[in-house]
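> Here it is: the structure, laid out below.
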Amino acid sequence: MRVRAWLIGGGAIAALVALDWLAPRALNPYYVTILSRIGIAVIAAVSLQLVNGFTGQFSIGHAGFMAIGAYASAALSVYAGAALLDAASQIAPLGFARLLYFPLVLAFGGLVAAVSGIVVAVPALRLRGDYLAIATLGAGEIIRIAILNIDAVGGARGFSLASPAHPAIDLRFESLGGVFGVALVTIAVIARLVYAGGGLAFRAVREDETAAESIGIATTRVKVEAFLVASFFAGVAGALFAHSEGYIHTNSFGFVRSFELVAFVVLGGLGSLSGAIIAAATLTALPELLRGFGDWRMVLYSVLLIATMVLRPQGLLGQRELWPLARMTRGGAK
Amino acid sequence: MNLLEISALTVRFGGLTAVSRVDFAIEPGSLVALIGPNGAGKTTAFNVITGVYAPSEGRVAFAGEQIGGRAPHAISRLGVARTFQNIRLFRSLSALENVRASLQGARRSGLRDVLRPARWRAQQEDAENEARGLLDELALGAFADARADALPYGEQRRLEIARALATRPKLLLLDEPAAGMNPAEKQDLRELIRRLRVQRELTIILIDHDVSFVMNLCDRVVVLDHGEKIADGPPEQVRRDPAVIEAYLGSDDEASA
């Protein structure tokens with residue numbers, strides 16, 4: 001068992017390193033950017049699925065937590081990271097220092113977002129259904145507007161990942177392997193969370209809160225926990241976005257982005273991680289694939305969304321999972 | 001010592017008094033019926049005992065501990081389990097998962113599920129085996145992997161009992177467990193309740209409308225009417241109580257029905 005786990009882990013890392021090396025050489029930068037955005041969308045969608053699909057709490061402010069992760073990590077990089085990397089490059093190879101530095105940045109973005117997630121969740125989770133949805137929408141917008149008014153992170157000009165004091169240090173992190181690696185970790189963590197025995201608490205809350213309480217599940221704690229984990233990974237996604245784009249603006253994190261994430265989880269099937277992944281990948285790629293249609297592009301995009309919901313009201317996969325996630329629903333390995 | 005002690009319990013919803021100065025005590029190991037006409041306050045009493053409502057006045061003590069107004073999950077962890085009048089299963093989960101959710105409920109830890117330390121897998125298997133054991137005990141073994149809402153009605157009722165038992169309760173509250181059952185199913189349920197009481201050393205309170213169902217089964221009957229306790233005693237005595245006949249049974253004809 002142990003051996004197999006190591007083999008899978010080692011294989012995954014080797015594949016990611018190979019992808020990282022190959023992608024910029026084999027593909028033009030346009031495709032690399034799209035693939036990287038798909039990875040980021042998957043992270044955000046899978047984390048939102050924990051709240052909306054598994055815990056049954058309808059949150060439509062997820063982009064707000066992405067914004068916090070993006071801006072917090074970008075601020076860290078610009079104000080402290082550049083100096084840190086500059087100092088590190090004096091004593092060790094810069095490439096190595098960056099390899100250690102970027103996971104730190106992502107974790108920082110995630111943690112700040114997780115804290116803000118709790119600040120939002122504790123009052124908002126007293127609400128149910130439509131009221132909760134509106135409260136989360138409001139929270140997302142409050143976050144966006146607040147950031148827009150902080151001059152230290154660029155305000156309305158947007159925030160560029162370049163440190164004036166250390167212009168030679170590149171703070172961007174364009175690594176497809178890295179993005180996909182983080183996406184895999186996110187999927188693995190959330191799948192383990194929801195499909196282990198303890199994960200039944202999330203689904204019990206979704207199905208019937210009164211009954212869940214009656215068997216000893218502290219429903220409020222479970223909901224806050226779901227929100228905490230989801231906002232952490234949203235923050236990580238935001239941090240990845242900031243560092244791969246190199247420039248962020250609050251417009252990227254408005255309610256349109258939040259709705260897009262909700263569309264991923266609903267269209268994929270509430271309660272299916274595989275569905276969220278497929279929908280996030282497809283719907284991120286689709287507007288690009290439809291570029292050939294010119295002005296009709298977003299019309300077609302909308303028509304496809306409507307058609308899917310009419311034909312598959314339960315979402316693409318309902319609550320089912322595809323291999324290899326399907327094995328975990330039975331309490332299996334990995 | 002009494003397992004459950006309710007004293008001067010009053011529950012008001014705005015201007016409506018659903019339960020008014022009710023007292024009763026339940027001894028360990030007893031099987032007590034709570035009966036009364038519609039709107040008598042039976043389910044409200046259950047909801048207070050399990051923490052769904054807080055008492056407006058009065059005390060609820062479980063095993064000597066004051067529990068009135070505590071959160072339902074906290075009361076459940078002390079050893080009070082219940083079923084619901086209108087079945088409340090986790091509909092889209094399997095029968096097995098319904099029971100497992102109870103086993104996990106009190107002692108879940110997300111971080112352990114992610115990191116999966118050495119003993120984790122064995123614990124998961126223990127939980128699964130325990131859940132399957134409970135399903136077998138309630139003759140639900142064949143339905144383990146079926147969705148809860150796909151089960152026949154009688155099986156759904158039993159699954160709710162299995163889920164409640166999985167919390168390892170000392171006190172089990174059954175809210176109209178026989179509702180909607182035919183005479184043969186009621187007989188089976190009666191035997192099940194008797195068996196569980198002995199094998200699991202349970203104290204049981206059950207609500208029902210079916211007077212004869214309760215009379216043949218319980219050691220004691222508590223009668224509520226308009227939120228007040230009007231009788232309390234052995235079934236035969238309660239059956240003859242003029243106040244009960246007037247308030248609930250209506251006439252001798254109905255009483256023997």
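As shown in the structure tokens, the chain order sets the letters A, B, ...; within each chain, residues go from 1, and ligands are also counted from 1 in the order they appear.
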Hey, what's within 8 Å of segment 321-325 of chain A if we count only C-alpha atoms and toss same-chain stuff fewer than 2 positions away? As a ChimeraX atom specification, please?

/A:191,272-275,317,319,327-329

> Specify as an mmCIF file with N, CA and C atoms, in the first residue's frame all residues of chain B found within 8 Å of chain A, counting only C-alpha atoms.


```
data_model
loop_
_atom_site.group_PDB
_atom_site.id
_atom_site.type_symbol
_atom_site.label_atom_id
_atom_site.label_comp_id
_atom_site.auth_asym_id
_atom_site.auth_seq_id
_atom_site.Cartn_x
_atom_site.Cartn_y
_atom_site.Cartn_z
ATOM 1 N N THR B 50 -34.800 17.373 23.166
ATOM 2 C CA THR B 50 -33.661 17.201 22.266
ATOM 3 C C THR B 50 -33.011 18.522 21.877
ATOM 4 N N VAL B 52 -34.199 21.181 20.254
ATOM 5 C CA VAL B 52 -34.640 21.932 19.078
ATOM 6 C C VAL B 52 -35.278 23.259 19.517
ATOM 7 N N PRO B 72 -28.902 21.032 20.134
ATOM 8 C CA PRO B 72 -29.299 19.638 19.900
ATOM 9 C C PRO B 72 -28.111 18.674 19.799
ATOM 10 N N HIS B 73 -27.018 19.105 19.136
ATOM 11 C CA HIS B 73 -25.908 18.157 18.986
ATOM 12 C C HIS B 73 -25.260 17.855 20.330
ATOM 13 N N ALA B 74 -25.251 18.845 21.226
ATOM 14 C CA ALA B 74 -24.661 18.622 22.552
ATOM 15 C C ALA B 74 -25.513 17.630 23.343
ATOM 16 N N ILE B 75 -26.829 17.766 23.227
ATOM 17 C CA ILE B 75 -27.726 16.860 23.949
ATOM 18 C C ILE B 75 -27.613 15.448 23.371
ATOM 19 N N SER B 76 -27.502 15.375 22.044
ATOM 20 C CA SER B 76 -27.344 14.075 21.400
ATOM 21 C C SER B 76 -26.090 13.370 21.923
ATOM 22 N N ARG B 77 -25.025 14.136 22.098
ATOM 23 C CA ARG B 77 -23.773 13.523 22.555
ATOM 24 C C ARG B 77 -23.846 13.049 23.998
ATOM 25 N N ALA B 81 -31.228 10.217 21.803
ATOM 26 C CA ALA B 81 -31.411 10.101 20.357
ATOM 27 C C ALA B 81 -32.893 10.111 20.054
ATOM 28 N N ARG B 82 -33.225 10.443 18.803
ATOM 29 C CA ARG B 82 -34.641 10.529 18.475
ATOM 30 C C ARG B 82 -34.909 10.144 17.024
ATOM 31 N N ARG B 88 -37.057 12.036 8.658
ATOM 32 C CA ARG B 88 -35.982 12.936 8.236
ATOM 33 C C ARG B 88 -34.700 12.146 8.034
ATOM 34 N N LEU B 89 -34.635 11.426 6.934
ATOM 35 C CA LEU B 89 -33.396 10.722 6.614
ATOM 36 C C LEU B 89 -32.527 11.629 5.768
ATOM 37 N N PHE B 90 -31.256 11.251 5.613
ATOM 38 C CA PHE B 90 -30.384 11.946 4.655
ATOM 39 C C PHE B 90 -30.692 11.309 3.297
ATOM 40 N N ARG B 91 -31.601 11.928 2.573
ATOM 41 C CA ARG B 91 -32.289 11.253 1.476
ATOM 42 C C ARG B 91 -31.371 10.748 0.369
ATOM 43 N N SER B 92 -30.386 11.546 -0.018
ATOM 44 C CA SER B 92 -29.593 11.112 -1.168
ATOM 45 C C SER B 92 -28.387 10.276 -0.749
ATOM 46 N N GLU B 97 -24.583 4.930 4.715
ATOM 47 C CA GLU B 97 -24.031 6.254 5.025
ATOM 48 C C GLU B 97 -24.871 6.981 6.074
ATOM 49 N N ARG B 100 -23.660 5.549 9.232
ATOM 50 C CA ARG B 100 -22.260 5.946 9.475
ATOM 51 C C ARG B 100 -22.153 7.407 9.882
ATOM 52 N N ALA B 101 -23.022 8.233 9.356
ATOM 53 C CA ALA B 101 -22.974 9.655 9.724
ATOM 54 C C ALA B 101 -23.146 9.813 11.231
ATOM 55 N N SER B 102 -23.974 8.958 11.818
ATOM 56 C CA SER B 102 -24.175 9.007 13.269
ATOM 57 C C SER B 102 -22.924 8.589 14.015
ATOM 58 N N GLN B 104 -19.953 8.823 13.072
ATOM 59 C CA GLN B 104 -18.893 9.796 12.882
ATOM 60 C C GLN B 104 -19.231 11.107 13.576
ATOM 61 N N GLY B 105 -20.563 11.325 13.716
ATOM 62 C CA GLY B 105 -21.033 12.636 14.134
ATOM 63 C C GLY B 105 -20.295 13.244 15.294
ATOM 64 N N ALA B 106 -20.166 12.475 16.372
ATOM 65 C CA ALA B 106 -19.636 13.058 17.593
ATOM 66 C C ALA B 106 -18.127 13.205 17.559
ATOM 67 N N ARG B 108 -15.817 13.565 14.679
ATOM 68 C CA ARG B 108 -15.216 13.743 13.366
ATOM 69 C C ARG B 108 -14.035 14.699 13.469
ATOM 70 N N SER B 109 -13.091 14.508 12.567
ATOM 71 C CA SER B 109 -11.990 15.444 12.501
ATOM 72 C C SER B 109 -11.502 15.504 11.073
ATOM 73 N N GLY B 110 -11.708 16.638 10.439
ATOM 74 C CA GLY B 110 -11.366 16.774 9.038
ATOM 75 C C GLY B 110 -9.891 16.547 8.757
ATOM 76 N N LEU B 111 -9.054 17.080 9.634
ATOM 77 C CA LEU B 111 -7.617 17.001 9.389
ATOM 78 C C LEU B 111 -7.144 15.547 9.357
ATOM 79 N N ASP B 113 -8.881 13.040 8.402
ATOM 80 C CA ASP B 113 -9.318 12.439 7.145
ATOM 81 C C ASP B 113 -8.383 12.810 5.999
ATOM 82 N N VAL B 114 -7.761 13.998 6.079
ATOM 83 C CA VAL B 114 -6.852 14.424 5.013
ATOM 84 C C VAL B 114 -5.496 13.748 5.169
ATOM 85 N N GLN B 124 -11.831 3.517 10.179
ATOM 86 C CA GLN B 124 -12.870 3.603 9.161
ATOM 87 C C GLN B 124 -13.555 2.257 8.995
ATOM 88 N N ARG B 163 -30.254 4.769 12.672
ATOM 89 C CA ARG B 163 -29.402 5.961 12.726
ATOM 90 C C ARG B 163 -29.364 6.537 14.143
ATOM 91 N N ALA B 164 -30.524 6.516 14.808
ATOM 92 C CA ALA B 164 -30.568 7.023 16.182
ATOM 93 C C ALA B 164 -29.752 6.116 17.107
ATOM 94 N N THR B 167 -25.880 6.446 17.564
ATOM 95 C CA THR B 167 -25.277 7.437 18.461
ATOM 96 C C THR B 167 -25.055 6.851 19.858
#
```

> Could you jot down the atom CA of Phe62 of chain B to atom CA of Thr220 of chain A separation for me, Å, one decimal place?

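That distance, rounded to one decimal, is 23.8 Å.
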
> Which polymer residues have any atom within 8 Å of an atom of Leu31 of chain B, counting only C-alpha atoms, with same-chain residues fewer than 3 positions away left out, as a PyMOL selection string?

chain B and resi 197+203-206+217-220

> If we count only C-alpha atoms and set the cut-off at 8 Å, which residues sit around Arg12 of chain B, ignoring sequence neighbours fewer than 6 positions away in its own chain? Please answer as a ChimeraX atom specification.

/B:18-19,56

> Would you please extract all strand (DSSP E or B) residues from segment 17-88 of chain B, as assigned by DSSP on the backbone, and give them as a list of chain:residue names?

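Of segment 17-88 of chain B, only B:Thr17, B:Ala18, B:Val19, B:Ser20, B:Arg21, B:Val22, B:Asp23, B:Phe24, B:Ala25, B:Ile26, B:Leu31, B:Val32, B:Ala33, B:Leu34, B:Ile35, B:Glu57, B:Gly58, B:Arg59, B:Val60, B:Ala61, B:Phe62, B:Glu65, B:Gln66, B:Val80, B:Ala81, B:Arg82 fall in strand (DSSP E or B).
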
> Deliver the residues from the most recent selection as a file, using N, CA and C atoms, as a PDB file, in the first residue's frame.


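Output (out_3.pdb):
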```pdb
ATOM      1  N   THR B  17     -49.409  28.937  24.079  1.00  0.00           N
ATOM      2  CA  THR B  17     -48.689  28.096  25.035  1.00  0.00           C
ATOM      3  C   THR B  17     -48.848  26.649  24.586  1.00  0.00           C
ATOM      4  N   ALA B  18     -47.749  26.074  24.078  1.00  0.00           N
ATOM      5  CA  ALA B  18     -47.820  24.719  23.534  1.00  0.00           C
ATOM      6  C   ALA B  18     -47.710  23.680  24.631  1.00  0.00           C
ATOM      7  N   VAL B  19     -46.898  23.985  25.627  1.00  0.00           N
ATOM      8  CA  VAL B  19     -46.737  23.089  26.775  1.00  0.00           C
ATOM      9  C   VAL B  19     -46.806  23.953  28.021  1.00  0.00           C
ATOM     10  N   SER B  20     -47.624  23.527  28.994  1.00  0.00           N
ATOM     11  CA  SER B  20     -47.856  24.394  30.140  1.00  0.00           C
ATOM     12  C   SER B  20     -47.607  23.646  31.454  1.00  0.00           C
ATOM     13  N   ARG B  21     -46.588  24.028  32.163  1.00  0.00           N
ATOM     14  CA  ARG B  21     -46.252  23.502  33.490  1.00  0.00           C
ATOM     15  C   ARG B  21     -46.370  21.983  33.566  1.00  0.00           C
ATOM     16  N   VAL B  22     -45.680  21.315  32.680  1.00  0.00           N
ATOM     17  CA  VAL B  22     -45.725  19.854  32.666  1.00  0.00           C
ATOM     18  C   VAL B  22     -44.580  19.291  33.512  1.00  0.00           C
ATOM     19  N   ASP B  23     -44.894  18.283  34.347  1.00  0.00           N
ATOM     20  CA  ASP B  23     -43.866  17.563  35.092  1.00  0.00           C
ATOM     21  C   ASP B  23     -43.959  16.098  34.734  1.00  0.00           C
ATOM     22  N   PHE B  24     -42.846  15.474  34.472  1.00  0.00           N
ATOM     23  CA  PHE B  24     -42.799  14.009  34.562  1.00  0.00           C
ATOM     24  C   PHE B  24     -41.357  13.559  34.652  1.00  0.00           C
ATOM     25  N   ALA B  25     -41.193  12.375  35.195  1.00  0.00           N
ATOM     26  CA  ALA B  25     -39.847  11.830  35.360  1.00  0.00           C
ATOM     27  C   ALA B  25     -39.830  10.447  34.748  1.00  0.00           C
ATOM     28  N   ILE B  26     -38.705  10.099  34.160  1.00  0.00           N
ATOM     29  CA  ILE B  26     -38.581   8.797  33.503  1.00  0.00           C
ATOM     30  C   ILE B  26     -37.475   8.018  34.202  1.00  0.00           C
ATOM     31  N   LEU B  31     -40.232   2.067  29.633  1.00  0.00           N
ATOM     32  CA  LEU B  31     -40.773   2.289  28.294  1.00  0.00           C
ATOM     33  C   LEU B  31     -42.075   3.047  28.482  1.00  0.00           C
ATOM     34  N   VAL B  32     -42.035   4.325  28.153  1.00  0.00           N
ATOM     35  CA  VAL B  32     -43.141   5.212  28.487  1.00  0.00           C
ATOM     36  C   VAL B  32     -43.767   5.757  27.215  1.00  0.00           C
ATOM     37  N   ALA B  33     -45.085   5.820  27.194  1.00  0.00           N
ATOM     38  CA  ALA B  33     -45.772   6.407  26.041  1.00  0.00           C
ATOM     39  C   ALA B  33     -46.226   7.815  26.393  1.00  0.00           C
ATOM     40  N   LEU B  34     -46.122   8.681  25.406  1.00  0.00           N
ATOM     41  CA  LEU B  34     -46.616  10.041  25.561  1.00  0.00           C
ATOM     42  C   LEU B  34     -47.757  10.153  24.562  1.00  0.00           C
ATOM     43  N   ILE B  35     -49.005  10.252  25.081  1.00  0.00           N
ATOM     44  CA  ILE B  35     -50.118  10.318  24.136  1.00  0.00           C
ATOM     45  C   ILE B  35     -50.924  11.584  24.360  1.00  0.00           C
ATOM     46  N   GLU B  57     -40.008  28.207  30.314  1.00  0.00           N
ATOM     47  CA  GLU B  57     -39.828  28.128  31.764  1.00  0.00           C
ATOM     48  C   GLU B  57     -39.643  26.667  32.123  1.00  0.00           C
ATOM     49  N   GLY B  58     -39.097  26.433  33.300  1.00  0.00           N
ATOM     50  CA  GLY B  58     -38.995  25.061  33.774  1.00  0.00           C
ATOM     51  C   GLY B  58     -37.645  24.435  33.497  1.00  0.00           C
ATOM     52  N   ARG B  59     -37.511  23.190  33.958  1.00  0.00           N
ATOM     53  CA  ARG B  59     -36.225  22.515  33.894  1.00  0.00           C
ATOM     54  C   ARG B  59     -36.345  21.206  33.141  1.00  0.00           C
ATOM     55  N   VAL B  60     -35.296  20.885  32.396  1.00  0.00           N
ATOM     56  CA  VAL B  60     -35.179  19.556  31.818  1.00  0.00           C
ATOM     57  C   VAL B  60     -33.833  19.029  32.271  1.00  0.00           C
ATOM     58  N   ALA B  61     -33.832  17.908  32.985  1.00  0.00           N
ATOM     59  CA  ALA B  61     -32.563  17.357  33.457  1.00  0.00           C
ATOM     60  C   ALA B  61     -32.410  15.946  32.922  1.00  0.00           C
ATOM     61  N   PHE B  62     -31.237  15.661  32.362  1.00  0.00           N
ATOM     62  CA  PHE B  62     -30.944  14.331  31.852  1.00  0.00           C
ATOM     63  C   PHE B  62     -29.774  13.778  32.667  1.00  0.00           C
ATOM     64  N   GLU B  65     -28.212  16.178  34.870  1.00  0.00           N
ATOM     65  CA  GLU B  65     -27.601  17.364  34.297  1.00  0.00           C
ATOM     66  C   GLU B  65     -28.669  18.231  33.636  1.00  0.00           C
ATOM     67  N   GLN B  66     -28.617  19.509  33.878  1.00  0.00           N
ATOM     68  CA  GLN B  66     -29.582  20.423  33.274  1.00  0.00           C
ATOM     69  C   GLN B  66     -29.289  20.555  31.771  1.00  0.00           C
ATOM     70  N   VAL B  80     -28.985  11.209  24.153  1.00  0.00           N
ATOM     71  CA  VAL B  80     -30.413  11.289  23.833  1.00  0.00           C
ATOM     72  C   VAL B  80     -30.538  11.213  22.314  1.00  0.00           C
ATOM     73  N   ALA B  81     -31.228  10.217  21.803  1.00  0.00           N
ATOM     74  CA  ALA B  81     -31.411  10.101  20.357  1.00  0.00           C
ATOM     75  C   ALA B  81     -32.893  10.111  20.054  1.00  0.00           C
ATOM     76  N   ARG B  82     -33.225  10.443  18.803  1.00  0.00           N
ATOM     77  CA  ARG B  82     -34.641  10.529  18.475  1.00  0.00           C
ATOM     78  C   ARG B  82     -34.909  10.144  17.024  1.00  0.00           C
TER      79      ARG B  82
END
```

> Check the smallest atom-to-atom distance from each of A:Phe108, A:Lys223, A:Val185, A:Arg297 to Pro123 of chain A using only C-alpha atoms, then report the winner.

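The shortest atom-to-atom distance to Pro123 of chain A comes from A:Lys223.
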
> What does the structure give for the distance between atom CA of Leu228 of chain A and atom CA of Leu148 of chain A, in Å to one decimal?

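So the two atoms, atom CA of Leu228 of chain A and atom CA of Leu148 of chain A, lie 23.8 Å apart.
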
> Find the residue from A:Leu171, A:Ala239, A:Val224, A:Ala107 that sits nearest to Ala80 of chain A; use only C-alpha atoms when measuring.

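The answer is A:Leu171, which sits nearest to Ala80 of chain A.
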
> Just the residues within 8 Å of Gly246 of chain A, please, counting only C-alpha atoms, with nothing from its chain fewer than 6 positions along; format it as a tab-separated table (two decimals) with N, CA and C atoms, in the first residue's frame.


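As written to disk, around.tsv reads:
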```tsv
chain	number	residue	atom	x	y	z
A	160	SER	N	0.59	45.80	-9.98
A	160	SER	CA	1.55	45.09	-10.80
A	160	SER	C	2.59	44.41	-9.93
A	161	LEU	N	2.94	43.19	-10.31
A	161	LEU	CA	3.91	42.44	-9.52
A	161	LEU	C	5.34	42.79	-9.91
A	162	ALA	N	5.68	44.01	-9.64
A	162	ALA	CA	7.06	44.41	-9.89
A	162	ALA	C	7.47	45.29	-8.72
A	171	LEU	N	8.92	38.53	-10.20
A	171	LEU	CA	8.05	37.96	-9.17
A	171	LEU	C	6.98	37.07	-9.76
A	172	ARG	N	6.96	36.96	-11.07
A	172	ARG	CA	5.92	36.14	-11.66
A	172	ARG	C	6.28	34.66	-11.53
```

> Name the residues of segment 238-330 of chain A that fall into alpha helix (DSSP H) according to DSSP on the backbone, using the chain letters and numbers of this document, as a PyMOL selection string.

chain A and resi 238-245+255-268+273-289+297-311+325-329

> Taking only C-alpha atoms into account, which of A:Ala280, A:Trp21, A:Gly61, A:Val3 comes nearest Ile134 of chain A?

A:Gly61

> Using only C-alpha atoms for the distances, tell me which of A:Ser175, A:Ser163, A:Ser47, A:Gln90 is nearest to Leu19 of chain A.

A:Ser175

> Considering only C-alpha atoms, return as a count of residues only whatever protein or nucleic-acid residues lie within 9 Å of Lys42 of chain B, sequence-local ones (same chain, fewer than 5 positions apart) excluded.

12
